[in-house]
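This is model_15.csv. It holds CSV, C-alpha atoms.
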```csv
chain,number,residue,atom,x,y,z
A,1,MET,CA,-17.0,-18.0,61.5
A,2,GLU,CA,-14.3,-17.8,58.9
A,3,PHE,CA,-15.6,-14.5,57.6
A,4,GLU,CA,-15.5,-12.8,61.0
A,5,VAL,CA,-11.8,-13.6,61.3
A,6,GLY,CA,-11.1,-11.9,57.9
A,7,TYR,CA,-13.2,-8.9,59.0
A,8,MET,CA,-11.3,-8.6,62.3
A,9,LEU,CA,-7.9,-8.8,60.6
A,10,SER,CA,-8.9,-6.1,58.1
A,11,LEU,CA,-10.1,-3.9,61.0
A,12,ILE,CA,-6.8,-4.5,62.8
A,13,ILE,CA,-4.9,-3.3,59.7
A,14,VAL,CA,-7.1,-0.2,59.6
A,15,GLY,CA,-6.4,0.4,63.3
A,16,ILE,CA,-2.7,0.2,62.7
A,17,SER,CA,-3.0,2.7,60.0
A,18,PHE,CA,-4.7,5.1,62.4
A,19,LEU,CA,-1.8,4.7,64.8
A,20,GLY,CA,0.5,5.7,61.9
A,21,PHE,CA,-1.6,8.8,61.3
A,22,PHE,CA,-1.3,9.8,65.0
A,23,LEU,CA,2.5,9.0,64.9
A,24,SER,CA,2.9,11.2,61.8
A,25,MET,CA,1.2,14.1,63.6
A,26,MET,CA,3.5,13.7,66.6
A,27,ILE,CA,6.6,13.5,64.4
A,28,ASP,CA,5.5,16.5,62.5
A,29,GLU,CA,6.5,18.6,65.5
A,30,VAL,CA,10.1,17.4,65.1
A,31,ASN,CA,10.8,16.5,61.5
A,32,ARG,CA,8.4,17.3,58.6
A,33,LYS,CA,9.9,15.0,56.0
A,34,LYS,CA,9.6,11.9,58.1
A,35,ALA,CA,6.1,12.8,59.1
A,36,ILE,CA,5.1,13.0,55.4
A,37,VAL,CA,6.6,9.6,54.7
A,38,ILE,CA,4.8,8.0,57.7
A,39,PHE,CA,1.6,9.7,56.6
A,40,ILE,CA,1.8,8.3,53.1
A,41,LEU,CA,2.7,4.8,54.4
A,42,SER,CA,-0.3,5.1,56.7
A,43,LEU,CA,-2.6,6.0,53.8
A,44,ILE,CA,-1.3,2.9,51.9
A,45,ILE,CA,-1.9,0.7,54.8
A,46,PHE,CA,-5.4,2.2,55.3
A,47,GLY,CA,-6.2,1.5,51.6
A,48,LEU,CA,-5.0,-2.1,51.9
A,49,GLY,CA,-7.1,-2.6,55.0
A,50,VAL,CA,-10.2,-1.3,53.3
A,51,TYR,CA,-9.5,-3.4,50.2
A,52,TYR,CA,-9.1,-6.5,52.3
A,53,TYR,CA,-12.4,-5.8,54.0
A,54,TYR,CA,-14.1,-5.5,50.7
A,55,VAL,CA,-12.5,-8.7,49.4
A,56,VAL,CA,-13.7,-10.6,52.4
A,57,GLY,CA,-17.2,-9.2,51.9
A,58,LEU,CA,-17.2,-10.3,48.3
A,59,TRP,CA,-16.0,-13.8,49.4
A,60,GLN,CA,-18.9,-13.9,51.9
A,61,ARG,CA,-21.4,-12.8,49.2
A,62,GLU,CA,-20.3,-15.6,46.9
A,63,ALA,CA,-20.5,-18.2,49.7
A,64,GLY,CA,-23.8,-16.9,51.0
A,65,GLY,CA,-25.4,-17.8,54.3
A,66,PRO,CA,-26.3,-15.8,57.5
A,67,SER,CA,-24.1,-13.1,58.9
A,68,VAL,CA,-24.0,-11.4,62.3
A,69,ASN,CA,-21.9,-8.5,60.9
A,70,LYS,CA,-24.2,-5.4,60.9
A,71,LEU,CA,-21.5,-3.2,59.4
A,72,ASN,CA,-21.8,-4.9,56.1
A,73,TYR,CA,-25.5,-4.6,56.2
A,74,TYR,CA,-25.2,-0.8,56.6
A,75,LEU,CA,-22.4,-0.5,54.0
A,76,TYR,CA,-24.5,-2.5,51.5
A,77,LEU,CA,-21.6,-4.9,51.1
A,78,TYR,CA,-23.3,-8.1,52.1
A,79,ARG,CA,-27.0,-8.6,52.9
A,80,PRO,CA,-28.3,-12.1,53.2
A,81,VAL,CA,-31.2,-12.7,50.8
A,82,PRO,CA,-34.0,-14.6,52.4
A,83,SER,CA,-35.1,-17.6,50.4
A,84,ALA,CA,-38.3,-17.1,48.5
A,85,PRO,CA,-41.1,-19.5,49.5
A,86,SER,CA,-41.9,-22.1,46.9
A,87,ILE,CA,-45.2,-21.3,45.2
A,88,PRO,CA,-46.8,-24.2,43.3
A,89,PHE,CA,-47.7,-23.3,39.8
A,90,PRO,CA,-51.4,-23.7,39.0
A,91,MET,CA,-52.3,-26.6,36.8
A,92,GLU,CA,-53.8,-25.7,33.5
```
Whole structure, structure tokens version:
Amino acid sequence: MEFEVGYMLSLIIVGISFLGFFLSMMIDEVNRKKAIVIFILSLIIFGLGVYYYYVVGLWQREAGGPSVNKLNYYLYLYRPVPSAPSIPFPME
């Protein structure tokens, strides 16, 4: 449960950065310098959101356990490893 909260927070940060991208495109009609500044800030926020998502994925990989997050499975960030069945060694 704690990992899903981290993933949701990072995706909210990425969503806010997309709002900044759209805002910079709208402001570009009026003032080019301000649009460039907002676009660069949105890139920084986007990078921080992606980094935070990656850090939460590493934290989940270290802790292990099952996950319902299919996005990590497709990104190869975290895939739960099934436990290997115990095979008794033959006696010599």
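Near Leu77 in chain A, within a cut-off of 7 Å and counting all atoms listed in the file, sit the residues Gly57, Asn72 and Tyr73 of chain A, with same-chain residues fewer than 3 positions away left out.
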Got time to write the residues from that selection, C-alpha atoms, as a PDB file, in the frame of the given file?
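part-v3.pdb was written with the following content:
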```pdb
ATOM      1  CA  GLY A  57     -17.200  -9.200  51.900  1.00  0.00           C
ATOM      2  CA  ASN A  72     -21.800  -4.900  56.100  1.00  0.00           C
ATOM      3  CA  TYR A  73     -25.500  -4.600  56.200  1.00  0.00           C
TER       4      TYR A  73
END
```
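By only C-alpha atoms, and with residues fewer than 6 positions from Ile16 in chain A along its chain excluded, the set lying at most 9 Å from it is A:Ser42, A:Ile45, A:Phe46.
The shortest atom-to-atom distance to Arg61 in chain A, with all atoms listed in the file taken into account, belongs to A:Tyr76 out of A:Gly20, A:Tyr76, A:Leu11, A:Leu41.
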*Test item: residues at most 12 Å from Gly49 in chain A, only C-alpha atoms, excluding those fewer than 5 positions along its chain, as a ChimeraX atom specification*: /A:6-18,42-44,54-56
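In this structure, CA of Phe39 in chain A sits 8.9 Å away from CA of Phe22 in chain A.
Non-sequential neighbours of Ser24 in chain A (distance at most 9 Å, separation of 6 or more positions within a chain, all atoms listed in the file) are Arg32, Lys34, Ala35, Ile36, Val37, Ile38, Phe39 and Ser42 of chain A.
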